[in-house]
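**Q** My structure is stored as upload.cif, with mmCIF, C-alpha atoms.
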data_final
loop_
_atom_site.label_atom_id
_atom_site.label_comp_id
_atom_site.auth_asym_id
_atom_site.auth_seq_id
_atom_site.Cartn_x
_atom_site.Cartn_y
_atom_site.Cartn_z
CA MET A 1 24.88 -36.80 170.82
CA LYS A 2 22.90 -34.10 172.64
CA LEU A 3 22.70 -32.06 169.45
CA ALA A 4 21.30 -35.04 167.53
CA LEU A 5 18.64 -35.64 170.19
CA ALA A 6 17.71 -31.96 170.17
CA LEU A 7 17.33 -31.98 166.37
CA ILE A 8 15.18 -35.12 166.50
CA PHE A 9 13.01 -33.54 169.20
CA LEU A 10 12.56 -30.36 167.15
CA ALA A 11 11.69 -32.37 164.04
CA LEU A 12 9.06 -34.38 165.92
CA ALA A 13 7.65 -31.26 167.60
CA GLY A 14 7.10 -29.75 164.16
CA CYS A 15 5.00 -32.79 163.18
CA ALA A 16 2.51 -32.22 166.00
CA THR A 17 0.24 -29.73 164.26
CA VAL A 18 -3.14 -28.59 165.50
CA PRO A 19 -5.97 -29.52 163.12
CA PRO A 20 -7.79 -26.51 161.65
CA THR A 21 -11.20 -25.44 162.93
CA ARG A 22 -13.92 -25.15 160.32
CA GLN A 23 -17.31 -23.47 160.51
CA VAL A 24 -20.22 -25.80 159.70
CA ALA A 25 -22.59 -24.12 157.25
CA LYS A 26 -25.82 -25.86 158.27
CA PRO A 27 -25.40 -28.02 161.35
CA GLY A 28 -28.10 -30.65 161.30
CA PRO A 29 -28.99 -33.44 163.68
CA LEU A 30 -26.93 -36.62 163.53
CA PRO A 31 -27.89 -40.13 164.63
CA VAL A 32 -26.90 -40.88 168.22
CA ALA A 33 -25.15 -44.15 169.09
CA LEU A 34 -23.41 -43.57 172.42
CA ASP A 35 -20.24 -45.63 172.86
CA ARG A 36 -18.33 -46.24 176.10
CA ASP A 37 -15.04 -46.17 174.18
CA PHE A 38 -15.43 -42.39 173.80
CA ALA A 39 -16.08 -39.89 176.59
CA PHE A 40 -15.73 -36.26 177.57
CA LYS A 41 -13.73 -35.85 180.77
CA LYS A 42 -13.93 -32.11 181.38
CA VAL A 43 -14.82 -28.82 179.69
CA LYS A 44 -13.00 -25.61 180.59
CA GLN A 45 -14.76 -22.36 179.69
CA PHE A 46 -13.31 -18.87 179.84
CA LEU A 47 -14.99 -15.57 178.95
CA PHE A 48 -12.35 -12.97 178.10
CA GLU A 49 -14.19 -9.64 178.28
CA PRO A 50 -12.74 -6.23 177.41
CA VAL A 51 -13.76 -4.75 180.78
CA LEU A 52 -13.66 -6.51 184.13
CA ARG A 53 -16.88 -6.49 186.11
CA PRO A 54 -16.81 -4.34 189.28
CA GLY A 55 -16.70 -7.35 191.61
CA LEU A 56 -13.52 -8.69 189.96
CA ILE A 57 -11.30 -5.59 190.14
CA GLY A 58 -8.30 -5.42 192.43
CA ALA A 59 -7.52 -7.89 195.19
CA ALA A 60 -10.73 -9.86 194.61
CA LEU A 61 -9.43 -11.04 191.21
CA ASP A 62 -8.46 -14.70 191.47
CA PRO A 63 -4.81 -15.27 190.46
CA SER A 64 -5.78 -18.00 187.97
CA ILE A 65 -8.17 -15.62 186.19
CA ALA A 66 -5.52 -12.91 186.10
CA PHE A 67 -3.07 -15.41 184.61
CA GLU A 68 -5.57 -16.57 181.96
CA ARG A 69 -6.24 -12.95 180.94
CA ALA A 70 -2.50 -12.23 180.73
CA TYR A 71 -1.88 -15.46 178.78
CA LEU A 72 -4.60 -14.73 176.21
CA SER A 73 -3.56 -11.11 175.73
CA TYR A 74 0.18 -11.83 175.48
CA GLY A 75 1.60 -10.29 172.30
CA ALA A 76 -1.48 -8.20 171.50
CA ILE A 77 0.11 -4.79 171.00
CA THR A 78 -2.46 -2.71 169.16
CA ALA A 79 -6.09 -2.16 170.13
CA LEU A 80 -7.12 -4.22 167.07
CA ASP A 81 -4.95 -7.14 168.22
CA GLN A 82 -6.52 -6.95 171.67
CA ARG A 83 -10.05 -6.73 170.22
CA GLN A 84 -9.48 -9.89 168.16
CA ARG A 85 -8.73 -11.89 171.34
CA PHE A 86 -11.83 -11.02 173.37
CA GLY A 87 -14.57 -13.65 173.47
CA ASN A 88 -15.45 -17.17 174.62
CA TYR A 89 -12.79 -19.88 174.88
CA TYR A 90 -13.59 -23.59 175.29
CA THR A 91 -11.14 -26.40 176.00
CA LEU A 92 -12.63 -29.89 175.72
CA PHE A 93 -10.81 -32.78 177.36
CA TRP A 94 -11.90 -36.16 175.99
CA ARG A 95 -10.58 -39.67 175.43
CA SER A 96 -10.81 -42.47 172.93
CA LYS A 97 -10.15 -46.05 174.08
CA ARG A 98 -9.72 -47.30 170.50
CA ARG A 99 -8.26 -45.87 167.32
CA ALA A 100 -10.81 -44.00 165.23
CA ASN A 101 -11.32 -40.98 163.00
CA VAL A 102 -13.08 -38.54 165.33
CA THR A 103 -14.71 -35.20 164.61
CA VAL A 104 -15.29 -32.88 167.56
CA ARG A 105 -18.22 -30.53 167.04
CA LEU A 106 -19.10 -27.53 169.19
CA GLU A 107 -22.62 -26.23 168.58
CA TYR A 108 -23.50 -22.95 170.24
CA ARG A 109 -26.04 -20.14 170.50
CA GLN A 110 -25.09 -16.49 170.97
CA GLU A 111 -27.12 -13.87 172.80
CA ASN A 112 -27.77 -11.55 169.83
CA LEU A 113 -28.81 -14.44 167.52
CA HIS A 114 -31.22 -16.04 170.03
CA ALA A 115 -32.22 -19.56 168.85
CA PHE A 116 -29.92 -19.65 165.78
CA VAL A 117 -27.44 -22.53 166.17
CA GLN A 118 -23.90 -22.30 164.81
CA ALA A 119 -21.26 -25.03 164.85
CA ARG A 120 -17.51 -25.47 164.52
CA GLU A 121 -15.67 -28.74 163.96
CA ILE A 122 -12.17 -30.15 164.25
CA SER A 123 -11.35 -33.57 162.77
CA TYR A 124 -8.71 -36.00 164.02
CA VAL A 125 -7.41 -38.99 162.06
CA ASN A 126 -6.62 -42.31 163.75
CA VAL A 127 -6.66 -40.90 167.29
CA ARG A 128 -6.45 -42.87 170.53
CA GLY A 129 -6.00 -41.83 174.14
CA PRO A 130 -6.59 -38.50 175.89
CA VAL A 131 -7.04 -35.46 173.62
CA GLU A 132 -7.46 -31.75 174.27
CA THR A 133 -9.49 -29.72 171.75
CA ARG A 134 -9.77 -25.92 171.80
CA PHE A 135 -12.46 -23.72 170.31
CA ALA A 136 -12.64 -19.93 170.39
CA ILE A 137 -15.54 -17.65 169.47
CA ILE A 138 -13.62 -14.40 169.47
CA GLY A 139 -13.13 -11.09 167.72
CA ASP A 140 -15.87 -9.94 165.37
CA ASP A 141 -17.92 -13.11 165.98
CA TYR A 142 -18.03 -12.21 169.67
CA PHE A 143 -18.64 -8.45 169.29
CA ASP A 144 -21.28 -8.76 166.54
CA ASP A 145 -23.25 -11.74 167.87
CA GLY A 146 -22.64 -11.51 171.64
CA ARG A 147 -21.62 -14.02 174.29
CA VAL A 148 -22.22 -17.71 173.92
CA ILE A 149 -25.29 -18.47 176.04
CA ALA A 150 -25.60 -22.24 175.45
CA TRP A 151 -23.39 -24.93 173.90
CA ARG A 152 -23.20 -28.64 173.14
CA ALA A 153 -20.05 -30.60 172.35
CA SER A 154 -20.21 -33.89 170.44
CA LEU A 155 -17.74 -36.58 169.43
CA ILE A 156 -18.67 -37.92 165.99
CA VAL A 157 -17.36 -41.23 164.62
CA GLU A 158 -18.52 -42.56 161.23
CA GLY A 159 -21.39 -40.04 161.08
CA ARG A 160 -22.76 -40.97 164.51
CA VAL A 161 -22.59 -39.07 167.79
CA VAL A 162 -20.76 -41.31 170.28
CA ALA A 163 -20.40 -38.87 173.22
CA VAL A 164 -22.10 -35.62 174.23
CA LYS A 165 -21.45 -32.89 176.81
CA ARG A 166 -23.74 -29.85 177.05
CA SER A 167 -24.25 -26.69 179.02
CA TYR A 168 -27.10 -26.33 181.46
CA LEU A 169 -29.05 -24.00 179.13
CA TRP A 170 -28.87 -26.26 176.06
CA ASP A 171 -32.31 -27.76 175.38
#
For the file at hand, write its structure as structure tokens.

**A**
Amino acid sequence: MKLALALIFLALAGCATVPPTRQVAKPGPLPVALDRDFAFKKVKQFLFEPVLRPGLIGAALDPSIAFERAYLSYGAITALDQRQRFGNYYTLFWRSKRRANVTVRLEYRQENLHAFVQAREISYVNVRGPVETRFAIIGDDYFDDGRVIAWRASLIVEGRVVAVKRSYLWD
């Protein structure tokens, strides 16, 4: 009996796949129709830099930051593996009160590209309830174009923006 339950659990766990992130070639403005059925709850940002700043070295390093650094670098053996993990990480927590096909878009500006806006999207089919979406601007994107200096996250349903969350520097 326990073996059967374990096999069912493993089979269902394999079905829960993370949708792929895609780069948007030319992110343009979309019509806005805010809807109370969709909302961002929280955004978690983490900048994983190759070198710690002087104020963060040693005992002053918060244990949660040390854990996040260790978690993100776990399994990176070579210097190339480590380099590909440095950058900006965003975790968006949002909810949908009704079933809908939702696209989550993260638009961002990087310090070396100035006002040039880039965007990444993840699409969900028939989603309802709380959802966690992760974006990462890491590796060569981070080293070539610099840190993310401003961002805006949008929930898009049927071609319309239904919820928005933005950083302080986004105009």

**Q** Just say which residues the PyMOL selection byres ((chain A and resi 77-88) around 10) picks in this file, as a ChimeraX atom specification.

**A** /A:45-51,69,72-76,89-90,135-143,146-148

**Q** So what do you get for atom CA of A:Tyr168 versus atom CA of A:Trp151, distance-wise?

**A**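 Between atom CA of A:Tyr168 and atom CA of A:Trp151 the gap is 8.5 Å.
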
**Q** Which polymer residues have any atom within 7 Å of an atom of A:Phe93, counting only C-alpha atoms, with same-chain residues fewer than 2 positions away left out, as a list in words?

**A**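 Answer for this query is Phe40, Lys41, Lys42, Val43, Thr91, Val131, Glu132 and Thr133 of chain A.
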
**Q** Would you pick out the contacts of stretch 110-127 of chain A at 10 Å or less, using only C-alpha atoms, so that residues sharing its chain but fewer than 4 positions from it are not included, and give the list as number ranges by chain?

**A** A: 18-28, 95-106, 131, 133-137, 141-157

**Q** Work out how far atom CA of A:Arg109 is from atom CA of A:Trp170, in Å to one decimal.

**A** 8.7 Å

**Q** Can you measure atom CA of A:Asp37 to atom CA of A:Pro130 for me? One decimal in Å is fine.

**A**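 Between these atoms lies a distance of 11.5 Å.
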
**Q** Write out all heavy atoms for stretch 77-88 of chain A, as a short mmCIF file (atom, residue, chain, number, x, y, z; two decimals), in the frame of the given file.

**A**
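Now in part10.cif:
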data_model
loop_
_atom_site.label_atom_id
_atom_site.label_comp_id
_atom_site.auth_asym_id
_atom_site.auth_seq_id
_atom_site.Cartn_x
_atom_site.Cartn_y
_atom_site.Cartn_z
N ILE A 77 -0.45 -6.12 170.81
CA ILE A 77 0.11 -4.79 171.00
C ILE A 77 -0.92 -3.70 170.72
O ILE A 77 -1.18 -2.85 171.55
CB ILE A 77 1.35 -4.59 170.10
CG1 ILE A 77 2.38 -5.70 170.32
CG2 ILE A 77 1.95 -3.22 170.32
CD1 ILE A 77 2.90 -5.81 171.73
N THR A 78 -1.52 -3.76 169.55
CA THR A 78 -2.46 -2.71 169.16
C THR A 78 -3.85 -2.99 169.71
O THR A 78 -4.16 -4.11 170.14
CB THR A 78 -2.54 -2.60 167.62
OG1 THR A 78 -3.12 -3.81 167.11
CG2 THR A 78 -1.17 -2.39 167.00
N ALA A 79 -4.70 -1.99 169.67
CA ALA A 79 -6.09 -2.16 170.13
C ALA A 79 -6.82 -3.18 169.25
O ALA A 79 -7.66 -3.94 169.75
CB ALA A 79 -6.81 -0.82 170.10
N LEU A 80 -6.50 -3.24 167.96
CA LEU A 80 -7.12 -4.22 167.07
C LEU A 80 -6.70 -5.63 167.45
O LEU A 80 -7.53 -6.54 167.49
CB LEU A 80 -6.75 -3.93 165.62
CG LEU A 80 -7.34 -4.90 164.59
CD1 LEU A 80 -8.86 -4.84 164.62
CD2 LEU A 80 -6.82 -4.58 163.20
N ASP A 81 -5.42 -5.82 167.76
CA ASP A 81 -4.95 -7.14 168.22
C ASP A 81 -5.68 -7.56 169.48
O ASP A 81 -6.10 -8.71 169.62
CB ASP A 81 -3.45 -7.12 168.51
CG ASP A 81 -2.60 -6.97 167.27
OD1 ASP A 81 -3.11 -7.24 166.17
OD2 ASP A 81 -1.42 -6.59 167.41
N GLN A 82 -5.84 -6.64 170.41
CA GLN A 82 -6.52 -6.95 171.67
C GLN A 82 -8.00 -7.28 171.41
O GLN A 82 -8.54 -8.22 171.99
CB GLN A 82 -6.39 -5.79 172.64
CG GLN A 82 -4.97 -5.58 173.10
CD GLN A 82 -4.77 -4.28 173.86
OE1 GLN A 82 -5.71 -3.53 174.06
NE2 GLN A 82 -3.54 -4.02 174.27
N ARG A 83 -8.64 -6.51 170.53
CA ARG A 83 -10.05 -6.73 170.22
C ARG A 83 -10.27 -8.12 169.62
O ARG A 83 -11.27 -8.77 169.91
CB ARG A 83 -10.55 -5.66 169.26
CG ARG A 83 -11.98 -5.81 168.84
CD ARG A 83 -12.38 -4.74 167.82
NE ARG A 83 -13.57 -5.07 167.11
CZ ARG A 83 -14.80 -4.82 167.54
NH1 ARG A 83 -14.98 -4.23 168.70
NH2 ARG A 83 -15.85 -5.16 166.81
N GLN A 84 -9.34 -8.59 168.81
CA GLN A 84 -9.48 -9.89 168.16
C GLN A 84 -9.31 -11.06 169.13
O GLN A 84 -9.57 -12.20 168.76
CB GLN A 84 -8.49 -10.02 167.00
CG GLN A 84 -8.79 -9.11 165.83
CD GLN A 84 -10.19 -9.31 165.28
OE1 GLN A 84 -10.66 -10.42 165.13
NE2 GLN A 84 -10.88 -8.21 164.99
N ARG A 85 -8.91 -10.81 170.36
CA ARG A 85 -8.73 -11.89 171.34
C ARG A 85 -9.85 -11.97 172.37
O ARG A 85 -9.91 -12.94 173.12
CB ARG A 85 -7.39 -11.70 172.05
CG ARG A 85 -6.27 -11.79 171.04
CD ARG A 85 -4.98 -12.03 171.65
NE ARG A 85 -3.95 -12.01 170.62
CZ ARG A 85 -2.69 -12.18 170.87
NH1 ARG A 85 -2.29 -12.37 172.10
NH2 ARG A 85 -1.81 -12.15 169.90
N PHE A 86 -10.72 -10.98 172.42
CA PHE A 86 -11.83 -11.02 173.37
C PHE A 86 -12.90 -12.00 172.89
O PHE A 86 -13.18 -12.08 171.70
CB PHE A 86 -12.45 -9.63 173.55
CG PHE A 86 -11.54 -8.65 174.22
CD1 PHE A 86 -11.29 -7.42 173.65
CD2 PHE A 86 -10.92 -8.95 175.42
CE1 PHE A 86 -10.45 -6.50 174.26
CE2 PHE A 86 -10.08 -8.04 176.05
CZ PHE A 86 -9.85 -6.82 175.47
N GLY A 87 -13.50 -12.73 173.82
CA GLY A 87 -14.57 -13.65 173.47
C GLY A 87 -14.61 -14.87 174.37
O GLY A 87 -14.07 -14.87 175.47
N ASN A 88 -15.27 -15.92 173.88
CA ASN A 88 -15.45 -17.17 174.62
C ASN A 88 -14.43 -18.20 174.17
O ASN A 88 -14.27 -18.44 172.98
CB ASN A 88 -16.85 -17.74 174.38
CG ASN A 88 -17.93 -16.87 174.95
OD1 ASN A 88 -18.43 -15.98 174.27
ND2 ASN A 88 -18.29 -17.10 176.19
#
